[in-house]
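File shown: coords24.cif (mmCIF, N, CA and C atoms).
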```cif
data_start
loop_
_atom_site.label_atom_id
_atom_site.label_comp_id
_atom_site.auth_asym_id
_atom_site.auth_seq_id
_atom_site.Cartn_x
_atom_site.Cartn_y
_atom_site.Cartn_z
N MET A 1 -1.56 -15.07 15.20
CA MET A 1 -1.82 -14.20 14.07
C MET A 1 -0.65 -13.22 13.93
N ASP A 2 -0.26 -12.98 12.69
CA ASP A 2 0.84 -12.06 12.41
C ASP A 2 0.28 -10.65 12.25
N ASN A 3 0.45 -9.79 13.25
CA ASN A 3 -0.11 -8.44 13.23
C ASN A 3 0.42 -7.61 12.08
N LYS A 4 1.66 -7.83 11.68
CA LYS A 4 2.23 -7.08 10.57
C LYS A 4 1.41 -7.33 9.30
N ASN A 5 1.01 -8.57 9.05
CA ASN A 5 0.23 -8.88 7.86
C ASN A 5 -1.17 -8.28 7.92
N VAL A 6 -1.80 -8.28 9.08
CA VAL A 6 -3.12 -7.69 9.22
C VAL A 6 -3.05 -6.20 8.91
N PHE A 7 -2.06 -5.53 9.42
CA PHE A 7 -1.91 -4.10 9.18
C PHE A 7 -1.60 -3.83 7.71
N THR A 8 -0.73 -4.65 7.12
CA THR A 8 -0.33 -4.47 5.73
C THR A 8 -1.50 -4.65 4.77
N LYS A 9 -2.44 -5.55 5.09
CA LYS A 9 -3.59 -5.76 4.21
C LYS A 9 -4.35 -4.46 4.00
N GLY A 10 -4.47 -3.65 5.02
CA GLY A 10 -5.16 -2.37 4.90
C GLY A 10 -4.42 -1.37 4.05
N LEU A 11 -3.14 -1.54 3.92
CA LEU A 11 -2.31 -0.62 3.14
C LEU A 11 -2.07 -1.09 1.71
N THR A 12 -2.44 -2.31 1.41
CA THR A 12 -2.09 -2.89 0.11
C THR A 12 -2.61 -2.07 -1.06
N ASP A 13 -3.89 -1.70 -1.04
CA ASP A 13 -4.44 -0.89 -2.13
C ASP A 13 -3.67 0.42 -2.27
N PHE A 14 -3.43 1.05 -1.14
CA PHE A 14 -2.71 2.32 -1.11
C PHE A 14 -1.32 2.19 -1.74
N LEU A 15 -0.60 1.14 -1.37
CA LEU A 15 0.74 0.95 -1.89
C LEU A 15 0.74 0.62 -3.38
N ILE A 16 -0.17 -0.24 -3.80
CA ILE A 16 -0.26 -0.60 -5.22
C ILE A 16 -0.57 0.64 -6.06
N LEU A 17 -1.57 1.41 -5.65
CA LEU A 17 -1.93 2.61 -6.40
C LEU A 17 -0.80 3.63 -6.40
N SER A 18 -0.07 3.73 -5.30
CA SER A 18 1.06 4.66 -5.23
C SER A 18 2.14 4.30 -6.25
N ILE A 19 2.42 3.00 -6.38
CA ILE A 19 3.41 2.55 -7.36
C ILE A 19 2.90 2.81 -8.77
N LEU A 20 1.64 2.47 -9.02
CA LEU A 20 1.08 2.64 -10.37
C LEU A 20 0.91 4.09 -10.77
N GLU A 21 0.83 4.99 -9.80
CA GLU A 21 0.73 6.41 -10.14
C GLU A 21 2.01 6.88 -10.83
N LYS A 22 3.14 6.27 -10.48
CA LYS A 22 4.43 6.66 -11.06
C LYS A 22 4.64 6.05 -12.44
N LYS A 23 4.17 4.77 -12.61
CA LYS A 23 4.38 4.10 -13.90
C LYS A 23 3.54 2.83 -13.94
N ASP A 24 3.18 2.43 -15.15
CA ASP A 24 2.52 1.14 -15.33
C ASP A 24 3.52 0.05 -14.96
N SER A 25 3.05 -0.98 -14.29
CA SER A 25 3.95 -2.03 -13.80
C SER A 25 3.26 -3.38 -13.84
N TYR A 26 4.07 -4.42 -13.78
CA TYR A 26 3.55 -5.79 -13.70
C TYR A 26 3.73 -6.29 -12.26
N VAL A 27 3.06 -7.39 -11.94
CA VAL A 27 2.97 -7.87 -10.57
C VAL A 27 4.34 -7.98 -9.88
N TYR A 28 5.25 -8.69 -10.48
CA TYR A 28 6.56 -8.93 -9.86
C TYR A 28 7.28 -7.60 -9.59
N GLU A 29 7.13 -6.66 -10.51
CA GLU A 29 7.77 -5.34 -10.36
C GLU A 29 7.14 -4.54 -9.22
N ILE A 30 5.82 -4.58 -9.11
CA ILE A 30 5.13 -3.85 -8.04
C ILE A 30 5.53 -4.40 -6.68
N VAL A 31 5.47 -5.73 -6.55
CA VAL A 31 5.85 -6.37 -5.28
C VAL A 31 7.30 -6.04 -4.93
N GLY A 32 8.18 -6.10 -5.93
CA GLY A 32 9.60 -5.78 -5.71
C GLY A 32 9.81 -4.33 -5.31
N ASP A 33 9.08 -3.42 -5.96
CA ASP A 33 9.20 -2.00 -5.62
C ASP A 33 8.75 -1.74 -4.19
N ILE A 34 7.65 -2.35 -3.78
CA ILE A 34 7.15 -2.16 -2.41
C ILE A 34 8.19 -2.64 -1.41
N SER A 35 8.73 -3.81 -1.67
CA SER A 35 9.74 -4.37 -0.77
C SER A 35 11.01 -3.51 -0.75
N GLU A 36 11.49 -3.15 -1.94
CA GLU A 36 12.74 -2.38 -2.04
C GLU A 36 12.58 -0.97 -1.46
N LEU A 37 11.51 -0.28 -1.83
CA LEU A 37 11.32 1.09 -1.37
C LEU A 37 11.07 1.19 0.13
N SER A 38 10.61 0.09 0.73
CA SER A 38 10.40 0.08 2.18
C SER A 38 11.60 -0.51 2.91
N ASP A 39 12.72 -0.64 2.22
CA ASP A 39 13.91 -1.26 2.80
C ASP A 39 13.59 -2.63 3.39
N GLU A 40 12.79 -3.39 2.65
CA GLU A 40 12.41 -4.77 3.03
C GLU A 40 11.54 -4.83 4.28
N MET A 41 11.03 -3.69 4.75
CA MET A 41 10.18 -3.68 5.95
C MET A 41 8.75 -4.11 5.65
N ILE A 42 8.33 -3.94 4.40
CA ILE A 42 6.98 -4.32 4.00
C ILE A 42 7.07 -5.37 2.91
N THR A 43 6.48 -6.51 3.17
CA THR A 43 6.35 -7.54 2.15
C THR A 43 4.89 -7.95 2.10
N ILE A 44 4.41 -8.21 0.92
CA ILE A 44 3.02 -8.55 0.72
C ILE A 44 2.95 -9.95 0.13
N SER A 45 2.16 -10.81 0.74
CA SER A 45 2.02 -12.17 0.21
C SER A 45 1.34 -12.11 -1.15
N GLN A 46 1.60 -13.11 -1.97
CA GLN A 46 0.96 -13.16 -3.30
C GLN A 46 -0.55 -13.19 -3.17
N ASN A 47 -1.04 -13.92 -2.19
CA ASN A 47 -2.48 -14.03 -1.99
C ASN A 47 -3.10 -12.66 -1.71
N THR A 48 -2.52 -11.92 -0.79
CA THR A 48 -3.00 -10.59 -0.44
C THR A 48 -2.90 -9.66 -1.64
N PHE A 49 -1.78 -9.75 -2.35
CA PHE A 49 -1.54 -8.88 -3.49
C PHE A 49 -2.58 -9.12 -4.59
N TYR A 50 -2.76 -10.39 -4.99
CA TYR A 50 -3.70 -10.68 -6.07
C TYR A 50 -5.13 -10.35 -5.68
N THR A 51 -5.49 -10.56 -4.42
CA THR A 51 -6.82 -10.19 -3.96
C THR A 51 -7.04 -8.68 -4.15
N ALA A 52 -6.04 -7.89 -3.78
CA ALA A 52 -6.14 -6.43 -3.93
C ALA A 52 -6.19 -6.02 -5.40
N ILE A 53 -5.32 -6.62 -6.21
CA ILE A 53 -5.28 -6.28 -7.64
C ILE A 53 -6.63 -6.57 -8.30
N TYR A 54 -7.17 -7.75 -8.03
CA TYR A 54 -8.45 -8.12 -8.65
C TYR A 54 -9.57 -7.19 -8.19
N LYS A 55 -9.56 -6.82 -6.91
CA LYS A 55 -10.58 -5.92 -6.38
C LYS A 55 -10.45 -4.53 -7.02
N LEU A 56 -9.22 -4.03 -7.11
CA LEU A 56 -9.00 -2.72 -7.73
C LEU A 56 -9.43 -2.72 -9.19
N GLU A 57 -9.13 -3.81 -9.89
CA GLU A 57 -9.49 -3.92 -11.30
C GLU A 57 -11.01 -4.05 -11.46
N GLU A 58 -11.62 -4.88 -10.64
CA GLU A 58 -13.06 -5.10 -10.70
C GLU A 58 -13.84 -3.81 -10.47
N ASN A 59 -13.31 -2.93 -9.64
CA ASN A 59 -13.99 -1.67 -9.31
C ASN A 59 -13.57 -0.51 -10.21
N GLY A 60 -12.78 -0.78 -11.24
CA GLY A 60 -12.44 0.24 -12.22
C GLY A 60 -11.35 1.20 -11.80
N PHE A 61 -10.61 0.88 -10.74
CA PHE A 61 -9.53 1.76 -10.29
C PHE A 61 -8.26 1.55 -11.11
N ILE A 62 -8.09 0.33 -11.62
CA ILE A 62 -6.94 0.02 -12.48
C ILE A 62 -7.44 -0.84 -13.64
N THR A 63 -6.65 -0.86 -14.70
CA THR A 63 -6.90 -1.74 -15.84
C THR A 63 -5.60 -2.48 -16.14
N ASN A 64 -5.70 -3.50 -16.98
CA ASN A 64 -4.48 -4.20 -17.36
C ASN A 64 -4.39 -4.32 -18.88
N TYR A 65 -3.19 -4.51 -19.35
CA TYR A 65 -2.96 -4.75 -20.77
C TYR A 65 -1.76 -5.68 -20.90
N SER A 66 -1.72 -6.42 -22.00
CA SER A 66 -0.62 -7.35 -22.26
C SER A 66 0.44 -6.66 -23.09
N LYS A 67 1.68 -7.00 -22.78
CA LYS A 67 2.81 -6.44 -23.53
C LYS A 67 3.78 -7.57 -23.84
N LEU A 68 4.18 -7.66 -25.08
CA LEU A 68 5.13 -8.68 -25.49
C LEU A 68 6.53 -8.29 -25.00
N VAL A 69 7.16 -9.18 -24.27
CA VAL A 69 8.55 -8.96 -23.82
C VAL A 69 9.37 -10.12 -24.36
N GLY A 70 10.37 -9.82 -25.11
CA GLY A 70 11.11 -10.87 -25.77
C GLY A 70 10.33 -11.34 -26.99
N LYS A 71 10.68 -12.52 -27.47
CA LYS A 71 10.03 -13.01 -28.70
C LYS A 71 8.69 -13.68 -28.45
N LYS A 72 8.55 -14.37 -27.32
CA LYS A 72 7.33 -15.15 -27.11
C LYS A 72 6.64 -14.90 -25.78
N ARG A 73 7.22 -14.09 -24.94
CA ARG A 73 6.69 -13.91 -23.60
C ARG A 73 5.80 -12.68 -23.51
N THR A 74 4.65 -12.87 -22.89
CA THR A 74 3.73 -11.76 -22.69
C THR A 74 3.65 -11.46 -21.19
N ARG A 75 3.63 -10.19 -20.88
CA ARG A 75 3.55 -9.76 -19.48
C ARG A 75 2.31 -8.88 -19.32
N ILE A 76 1.60 -9.04 -18.21
CA ILE A 76 0.42 -8.22 -17.92
C ILE A 76 0.85 -7.01 -17.11
N TYR A 77 0.60 -5.83 -17.65
CA TYR A 77 0.90 -4.58 -16.96
C TYR A 77 -0.40 -3.99 -16.42
N TYR A 78 -0.28 -3.29 -15.30
CA TYR A 78 -1.42 -2.63 -14.68
C TYR A 78 -1.25 -1.13 -14.80
N HIS A 79 -2.38 -0.45 -15.00
CA HIS A 79 -2.40 1.00 -15.22
C HIS A 79 -3.46 1.62 -14.31
N ILE A 80 -3.10 2.70 -13.63
CA ILE A 80 -4.07 3.38 -12.76
C ILE A 80 -4.98 4.27 -13.61
N GLU A 81 -6.26 4.19 -13.34
CA GLU A 81 -7.26 4.98 -14.05
C GLU A 81 -7.59 6.24 -13.24
N PRO A 82 -8.26 7.23 -13.86
CA PRO A 82 -8.62 8.44 -13.10
C PRO A 82 -9.37 8.14 -11.80
N LYS A 83 -10.26 7.18 -11.84
CA LYS A 83 -10.99 6.77 -10.63
C LYS A 83 -10.01 6.26 -9.56
N GLY A 84 -8.95 5.57 -10.00
CA GLY A 84 -7.92 5.08 -9.08
C GLY A 84 -7.10 6.22 -8.51
N LYS A 85 -6.86 7.24 -9.31
CA LYS A 85 -6.11 8.41 -8.82
C LYS A 85 -6.91 9.13 -7.74
N ASN A 86 -8.23 9.20 -7.93
CA ASN A 86 -9.09 9.81 -6.90
C ASN A 86 -9.07 8.99 -5.61
N LEU A 87 -9.13 7.66 -5.76
CA LEU A 87 -9.05 6.80 -4.58
C LEU A 87 -7.71 6.97 -3.88
N LEU A 88 -6.64 7.07 -4.66
CA LEU A 88 -5.31 7.26 -4.08
C LEU A 88 -5.24 8.54 -3.26
N LYS A 89 -5.83 9.62 -3.75
CA LYS A 89 -5.87 10.88 -2.99
C LYS A 89 -6.60 10.68 -1.67
N GLN A 90 -7.74 10.00 -1.73
CA GLN A 90 -8.52 9.74 -0.52
C GLN A 90 -7.73 8.88 0.46
N LEU A 91 -7.11 7.80 -0.04
CA LEU A 91 -6.32 6.93 0.82
C LEU A 91 -5.12 7.66 1.42
N SER A 92 -4.53 8.53 0.63
CA SER A 92 -3.38 9.31 1.11
C SER A 92 -3.80 10.23 2.25
N ASN A 93 -4.95 10.88 2.10
CA ASN A 93 -5.47 11.74 3.18
C ASN A 93 -5.79 10.92 4.42
N ASP A 94 -6.45 9.77 4.21
CA ASP A 94 -6.78 8.89 5.33
C ASP A 94 -5.52 8.42 6.05
N TYR A 95 -4.51 8.06 5.27
CA TYR A 95 -3.25 7.60 5.85
C TYR A 95 -2.59 8.71 6.67
N SER A 96 -2.52 9.91 6.10
CA SER A 96 -1.91 11.05 6.82
C SER A 96 -2.65 11.34 8.12
N ASN A 97 -3.98 11.32 8.06
CA ASN A 97 -4.77 11.57 9.27
C ASN A 97 -4.54 10.47 10.31
N THR A 98 -4.46 9.23 9.86
CA THR A 98 -4.23 8.12 10.78
C THR A 98 -2.86 8.24 11.45
N VAL A 99 -1.83 8.51 10.66
CA VAL A 99 -0.48 8.65 11.21
C VAL A 99 -0.43 9.81 12.20
N GLU A 100 -1.05 10.92 11.85
CA GLU A 100 -1.07 12.08 12.75
C GLU A 100 -1.82 11.75 14.05
N GLY A 101 -2.96 11.07 13.92
CA GLY A 101 -3.74 10.71 15.10
C GLY A 101 -2.98 9.76 16.01
N VAL A 102 -2.35 8.75 15.43
CA VAL A 102 -1.57 7.79 16.22
C VAL A 102 -0.40 8.50 16.90
N SER A 103 0.26 9.40 16.17
CA SER A 103 1.37 10.15 16.77
C SER A 103 0.93 10.96 17.97
N ARG A 104 -0.23 11.59 17.84
CA ARG A 104 -0.75 12.40 18.96
C ARG A 104 -1.05 11.53 20.17
N ILE A 105 -1.68 10.38 19.91
CA ILE A 105 -2.01 9.46 21.02
C ILE A 105 -0.73 8.98 21.70
N LEU A 106 0.24 8.55 20.91
CA LEU A 106 1.49 8.06 21.49
C LEU A 106 2.22 9.16 22.25
N SER A 107 2.16 10.37 21.73
CA SER A 107 2.80 11.50 22.40
C SER A 107 2.13 11.76 23.75
N LEU A 108 0.81 11.72 23.78
CA LEU A 108 0.08 11.92 25.03
C LEU A 108 0.37 10.80 26.02
N ASN A 109 0.42 9.57 25.52
CA ASN A 109 0.73 8.43 26.40
C ASN A 109 2.11 8.58 27.01
N ASN A 110 3.08 9.04 26.22
CA ASN A 110 4.44 9.23 26.73
C ASN A 110 4.47 10.33 27.79
N LYS A 111 3.71 11.40 27.58
CA LYS A 111 3.66 12.48 28.57
C LYS A 111 3.01 11.99 29.86
N LYS A 112 1.94 11.21 29.75
CA LYS A 112 1.26 10.68 30.93
C LYS A 112 2.17 9.74 31.70
N GLU A 113 2.95 8.93 30.97
CA GLU A 113 3.91 8.02 31.62
C GLU A 113 4.93 8.81 32.44
N ILE A 114 5.41 9.90 31.86
CA ILE A 114 6.40 10.73 32.54
C ILE A 114 5.76 11.33 33.80
N HIS A 115 4.53 11.84 33.65
CA HIS A 115 3.84 12.43 34.81
C HIS A 115 3.54 11.38 35.88
N ASN A 116 3.12 10.20 35.44
CA ASN A 116 2.85 9.11 36.41
C ASN A 116 4.11 8.71 37.14
N ASN A 117 5.23 8.68 36.45
CA ASN A 117 6.49 8.32 37.09
C ASN A 117 6.94 9.41 38.07
N ASP A 118 6.65 10.68 37.73
CA ASP A 118 7.00 11.79 38.61
C ASP A 118 6.19 11.75 39.91
N ASN A 119 4.92 11.30 39.81
CA ASN A 119 4.04 11.26 40.97
C ASN A 119 4.22 10.04 41.83
N GLY A 120 4.89 9.02 41.29
CA GLY A 120 4.98 7.75 42.01
C GLY A 120 6.14 7.71 42.86
#
```
Could I get this file's structure written as structure tokens?
Amino acid sequence: MDNKNVFTKGLTDFLILSILEKKDSYVYEIVGDISELSDEMITISQNTFYTAIYKLEENGFITNYSKLVGKKRTRIYYHIEPKGKNLLKQLSNDYSNTVEGVSRILSLNNKKEIHNNDNG
């Protein structure tokens, strides 16, 4: 099992909503922004991405609309709704708390390692 993908699945909604908070975007643009803004450290499979998009849309966090690009091509854009902005705030708080908690645990583990090495 690829642990990076398991971890990323939990962040997918958060990342999509974060991108959409800045501007309405289409799928390829959102995926590209996530990859580019993370310096290629985060990539999301199409399957994971579409599952998240459909879930967010189904629950009223985002909506979509069609936009004509060029003469005959239509592109589906996604837009964050007020309910999605509220979810984004909650996810942002959860993320900050998780990062802080993990940092504290790792810091304590490093201190214990140093103390264990001093006693050994």
- Quick one: everything within 10 Å of range 76-88 of chain A, counting only C-alpha atoms, minus sequence neighbours fewer than 6 positions away in the same chain. Send it as a ChimeraX atom specification. /A:13-27,29-30,53,56-57,59-68,94
For those residues, write N, CA and C atoms to a file as a PDB file, keeping the file's coordinate frame.
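In the end it all went to result.pdb:
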```
ATOM      1  N   ASP A  13      -3.890  -1.700  -1.040  1.00  0.00           N
ATOM      2  CA  ASP A  13      -4.440  -0.890  -2.130  1.00  0.00           C
ATOM      3  C   ASP A  13      -3.670   0.420  -2.270  1.00  0.00           C
ATOM      4  N   PHE A  14      -3.430   1.050  -1.140  1.00  0.00           N
ATOM      5  CA  PHE A  14      -2.710   2.320  -1.110  1.00  0.00           C
ATOM      6  C   PHE A  14      -1.320   2.190  -1.740  1.00  0.00           C
ATOM      7  N   LEU A  15      -0.600   1.140  -1.370  1.00  0.00           N
ATOM      8  CA  LEU A  15       0.740   0.950  -1.890  1.00  0.00           C
ATOM      9  C   LEU A  15       0.740   0.620  -3.380  1.00  0.00           C
ATOM     10  N   ILE A  16      -0.170  -0.240  -3.800  1.00  0.00           N
ATOM     11  CA  ILE A  16      -0.260  -0.600  -5.220  1.00  0.00           C
ATOM     12  C   ILE A  16      -0.570   0.640  -6.060  1.00  0.00           C
ATOM     13  N   LEU A  17      -1.570   1.410  -5.650  1.00  0.00           N
ATOM     14  CA  LEU A  17      -1.930   2.610  -6.400  1.00  0.00           C
ATOM     15  C   LEU A  17      -0.800   3.630  -6.400  1.00  0.00           C
ATOM     16  N   SER A  18      -0.070   3.730  -5.300  1.00  0.00           N
ATOM     17  CA  SER A  18       1.060   4.660  -5.230  1.00  0.00           C
ATOM     18  C   SER A  18       2.140   4.300  -6.250  1.00  0.00           C
ATOM     19  N   ILE A  19       2.420   3.000  -6.380  1.00  0.00           N
ATOM     20  CA  ILE A  19       3.410   2.550  -7.360  1.00  0.00           C
ATOM     21  C   ILE A  19       2.900   2.810  -8.770  1.00  0.00           C
ATOM     22  N   LEU A  20       1.640   2.470  -9.020  1.00  0.00           N
ATOM     23  CA  LEU A  20       1.080   2.640 -10.370  1.00  0.00           C
ATOM     24  C   LEU A  20       0.910   4.090 -10.770  1.00  0.00           C
ATOM     25  N   GLU A  21       0.830   4.990  -9.800  1.00  0.00           N
ATOM     26  CA  GLU A  21       0.730   6.410 -10.140  1.00  0.00           C
ATOM     27  C   GLU A  21       2.010   6.880 -10.830  1.00  0.00           C
ATOM     28  N   LYS A  22       3.140   6.270 -10.480  1.00  0.00           N
ATOM     29  CA  LYS A  22       4.430   6.660 -11.060  1.00  0.00           C
ATOM     30  C   LYS A  22       4.640   6.050 -12.440  1.00  0.00           C
ATOM     31  N   LYS A  23       4.170   4.770 -12.610  1.00  0.00           N
ATOM     32  CA  LYS A  23       4.380   4.100 -13.900  1.00  0.00           C
ATOM     33  C   LYS A  23       3.540   2.830 -13.940  1.00  0.00           C
ATOM     34  N   ASP A  24       3.180   2.430 -15.150  1.00  0.00           N
ATOM     35  CA  ASP A  24       2.520   1.140 -15.330  1.00  0.00           C
ATOM     36  C   ASP A  24       3.520   0.050 -14.960  1.00  0.00           C
ATOM     37  N   SER A  25       3.050  -0.980 -14.290  1.00  0.00           N
ATOM     38  CA  SER A  25       3.950  -2.030 -13.800  1.00  0.00           C
ATOM     39  C   SER A  25       3.260  -3.380 -13.840  1.00  0.00           C
ATOM     40  N   TYR A  26       4.070  -4.420 -13.780  1.00  0.00           N
ATOM     41  CA  TYR A  26       3.550  -5.790 -13.700  1.00  0.00           C
ATOM     42  C   TYR A  26       3.730  -6.290 -12.260  1.00  0.00           C
ATOM     43  N   VAL A  27       3.060  -7.390 -11.940  1.00  0.00           N
ATOM     44  CA  VAL A  27       2.970  -7.870 -10.570  1.00  0.00           C
ATOM     45  C   VAL A  27       4.340  -7.980  -9.880  1.00  0.00           C
ATOM     46  N   GLU A  29       7.130  -6.660 -10.510  1.00  0.00           N
ATOM     47  CA  GLU A  29       7.770  -5.340 -10.360  1.00  0.00           C
ATOM     48  C   GLU A  29       7.140  -4.540  -9.220  1.00  0.00           C
ATOM     49  N   ILE A  30       5.820  -4.580  -9.110  1.00  0.00           N
ATOM     50  CA  ILE A  30       5.130  -3.850  -8.040  1.00  0.00           C
ATOM     51  C   ILE A  30       5.530  -4.400  -6.680  1.00  0.00           C
ATOM     52  N   ILE A  53      -5.320  -6.620  -6.210  1.00  0.00           N
ATOM     53  CA  ILE A  53      -5.280  -6.280  -7.640  1.00  0.00           C
ATOM     54  C   ILE A  53      -6.630  -6.570  -8.300  1.00  0.00           C
ATOM     55  N   LEU A  56      -9.220  -4.030  -7.110  1.00  0.00           N
ATOM     56  CA  LEU A  56      -9.000  -2.720  -7.730  1.00  0.00           C
ATOM     57  C   LEU A  56      -9.430  -2.720  -9.190  1.00  0.00           C
ATOM     58  N   GLU A  57      -9.130  -3.810  -9.890  1.00  0.00           N
ATOM     59  CA  GLU A  57      -9.490  -3.920 -11.300  1.00  0.00           C
ATOM     60  C   GLU A  57     -11.010  -4.050 -11.460  1.00  0.00           C
ATOM     61  N   ASN A  59     -13.310  -2.930  -9.640  1.00  0.00           N
ATOM     62  CA  ASN A  59     -13.990  -1.670  -9.310  1.00  0.00           C
ATOM     63  C   ASN A  59     -13.570  -0.510 -10.210  1.00  0.00           C
ATOM     64  N   GLY A  60     -12.780  -0.780 -11.240  1.00  0.00           N
ATOM     65  CA  GLY A  60     -12.440   0.240 -12.220  1.00  0.00           C
ATOM     66  C   GLY A  60     -11.350   1.200 -11.800  1.00  0.00           C
ATOM     67  N   PHE A  61     -10.610   0.880 -10.740  1.00  0.00           N
ATOM     68  CA  PHE A  61      -9.530   1.760 -10.290  1.00  0.00           C
ATOM     69  C   PHE A  61      -8.260   1.550 -11.110  1.00  0.00           C
ATOM     70  N   ILE A  62      -8.090   0.330 -11.620  1.00  0.00           N
ATOM     71  CA  ILE A  62      -6.940   0.020 -12.480  1.00  0.00           C
ATOM     72  C   ILE A  62      -7.440  -0.840 -13.640  1.00  0.00           C
ATOM     73  N   THR A  63      -6.650  -0.860 -14.700  1.00  0.00           N
ATOM     74  CA  THR A  63      -6.900  -1.740 -15.840  1.00  0.00           C
ATOM     75  C   THR A  63      -5.600  -2.480 -16.140  1.00  0.00           C
ATOM     76  N   ASN A  64      -5.700  -3.500 -16.980  1.00  0.00           N
ATOM     77  CA  ASN A  64      -4.480  -4.200 -17.360  1.00  0.00           C
ATOM     78  C   ASN A  64      -4.390  -4.320 -18.880  1.00  0.00           C
ATOM     79  N   TYR A  65      -3.190  -4.510 -19.350  1.00  0.00           N
ATOM     80  CA  TYR A  65      -2.960  -4.750 -20.770  1.00  0.00           C
ATOM     81  C   TYR A  65      -1.760  -5.680 -20.900  1.00  0.00           C
ATOM     82  N   SER A  66      -1.720  -6.420 -22.000  1.00  0.00           N
ATOM     83  CA  SER A  66      -0.620  -7.350 -22.260  1.00  0.00           C
ATOM     84  C   SER A  66       0.440  -6.660 -23.090  1.00  0.00           C
ATOM     85  N   LYS A  67       1.680  -7.000 -22.780  1.00  0.00           N
ATOM     86  CA  LYS A  67       2.810  -6.440 -23.530  1.00  0.00           C
ATOM     87  C   LYS A  67       3.780  -7.570 -23.840  1.00  0.00           C
ATOM     88  N   LEU A  68       4.180  -7.660 -25.080  1.00  0.00           N
ATOM     89  CA  LEU A  68       5.130  -8.680 -25.490  1.00  0.00           C
ATOM     90  C   LEU A  68       6.530  -8.290 -25.000  1.00  0.00           C
ATOM     91  N   ASP A  94      -6.450   9.770   4.210  1.00  0.00           N
ATOM     92  CA  ASP A  94      -6.780   8.890   5.330  1.00  0.00           C
ATOM     93  C   ASP A  94      -5.520   8.420   6.050  1.00  0.00           C
TER      94      ASP A  94
END
```
- Please indicate the distance in Å from atom C of Arg104 in chain A to CA of Ser38 in chain A, rounded to one decimal place.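 Computing the Euclidean distance for atom C of Arg104 in chain A and CA of Ser38 in chain A yields 24.2 Å.
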- Query: Suppose you want the space between atom N of Val102 in chain A and atom C of Leu11 in chain A; what is it in Å?
  - Reply: 16.9 Å
- Message: Let's see if you can do this: from backbone DSSP, list all alpha helix (DSSP H) residues in chain A, as JSON, numbers by chain.
- Response: {"A": [3, 4, 5, 6, 7, 8, 9, 10, 11, 12, 13, 14, 15, 16, 17, 18, 19, 20, 21, 22, 27, 28, 29, 30, 31, 32, 33, 34, 35, 36, 37, 46, 47, 48, 49, 50, 51, 52, 53, 54, 55, 56, 57, 58, 82, 83, 84, 85, 86, 87, 88, 89, 90, 91, 92, 93, 94, 95, 96, 97, 98, 99, 100, 101, 102, 103, 104, 105, 106, 107, 108, 109, 110, 111, 112, 113, 114, 115, 116, 117, 118, 119]}
- Item | Best match for closeness to Ser45 in chain A among A:Gln90, A:Gly101, A:Thr12, A:Arg73, counting only C-alpha atoms |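 Between A:Gln90, A:Gly101, A:Thr12, A:Arg73, the residue approaching Ser45 in chain A most closely is A:Thr12.
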Could you get me a file of range 70-82 of chain A with N, CA and C atoms, as a PDB file, in the first residue's frame, taken from the block above?
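New file out_18.pdb:
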```
ATOM      1  N   GLY A  70     -13.091  28.718 -26.573  1.00  0.00           N
ATOM      2  CA  GLY A  70     -12.915  28.533 -28.001  1.00  0.00           C
ATOM      3  C   GLY A  70     -14.283  28.550 -28.674  1.00  0.00           C
ATOM      4  N   LYS A  71     -14.327  28.031 -29.892  1.00  0.00           N
ATOM      5  CA  LYS A  71     -15.585  28.086 -30.644  1.00  0.00           C
ATOM      6  C   LYS A  71     -16.548  26.956 -30.298  1.00  0.00           C
ATOM      7  N   LYS A  72     -16.015  25.775 -29.992  1.00  0.00           N
ATOM      8  CA  LYS A  72     -16.905  24.628 -29.793  1.00  0.00           C
ATOM      9  C   LYS A  72     -16.667  23.857 -28.511  1.00  0.00           C
ATOM     10  N   ARG A  73     -15.680  24.241 -27.754  1.00  0.00           N
ATOM     11  CA  ARG A  73     -15.307  23.461 -26.578  1.00  0.00           C
ATOM     12  C   ARG A  73     -15.935  24.038 -25.314  1.00  0.00           C
ATOM     13  N   THR A  74     -16.502  23.151 -24.522  1.00  0.00           N
ATOM     14  CA  THR A  74     -17.095  23.558 -23.251  1.00  0.00           C
ATOM     15  C   THR A  74     -16.262  22.960 -22.118  1.00  0.00           C
ATOM     16  N   ARG A  75     -16.052  23.753 -21.096  1.00  0.00           N
ATOM     17  CA  ARG A  75     -15.278  23.302 -19.939  1.00  0.00           C
ATOM     18  C   ARG A  75     -16.156  23.446 -18.699  1.00  0.00           C
ATOM     19  N   ILE A  76     -16.078  22.474 -17.800  1.00  0.00           N
ATOM     20  CA  ILE A  76     -16.833  22.514 -16.539  1.00  0.00           C
ATOM     21  C   ILE A  76     -15.961  23.164 -15.470  1.00  0.00           C
ATOM     22  N   TYR A  77     -16.448  24.262 -14.919  1.00  0.00           N
ATOM     23  CA  TYR A  77     -15.761  24.961 -13.837  1.00  0.00           C
ATOM     24  C   TYR A  77     -16.466  24.653 -12.521  1.00  0.00           C
ATOM     25  N   TYR A  78     -15.684  24.634 -11.450  1.00  0.00           N
ATOM     26  CA  TYR A  78     -16.221  24.399 -10.121  1.00  0.00           C
ATOM     27  C   TYR A  78     -16.102  25.668  -9.301  1.00  0.00           C
ATOM     28  N   HIS A  79     -17.104  25.893  -8.456  1.00  0.00           N
ATOM     29  CA  HIS A  79     -17.209  27.108  -7.647  1.00  0.00           C
ATOM     30  C   HIS A  79     -17.500  26.708  -6.201  1.00  0.00           C
ATOM     31  N   ILE A  80     -16.781  27.305  -5.263  1.00  0.00           N
ATOM     32  CA  ILE A  80     -17.018  27.014  -3.843  1.00  0.00           C
ATOM     33  C   ILE A  80     -18.229  27.820  -3.361  1.00  0.00           C
ATOM     34  N   GLU A  81     -19.104  27.151  -2.647  1.00  0.00           N
ATOM     35  CA  GLU A  81     -20.307  27.780  -2.097  1.00  0.00           C
ATOM     36  C   GLU A  81     -20.045  28.192  -0.640  1.00  0.00           C
ATOM     37  N   PRO A  82     -20.917  29.040  -0.067  1.00  0.00           N
ATOM     38  CA  PRO A  82     -20.722  29.429   1.340  1.00  0.00           C
ATOM     39  C   PRO A  82     -20.570  28.234   2.281  1.00  0.00           C
TER      40      PRO A  82
END
```
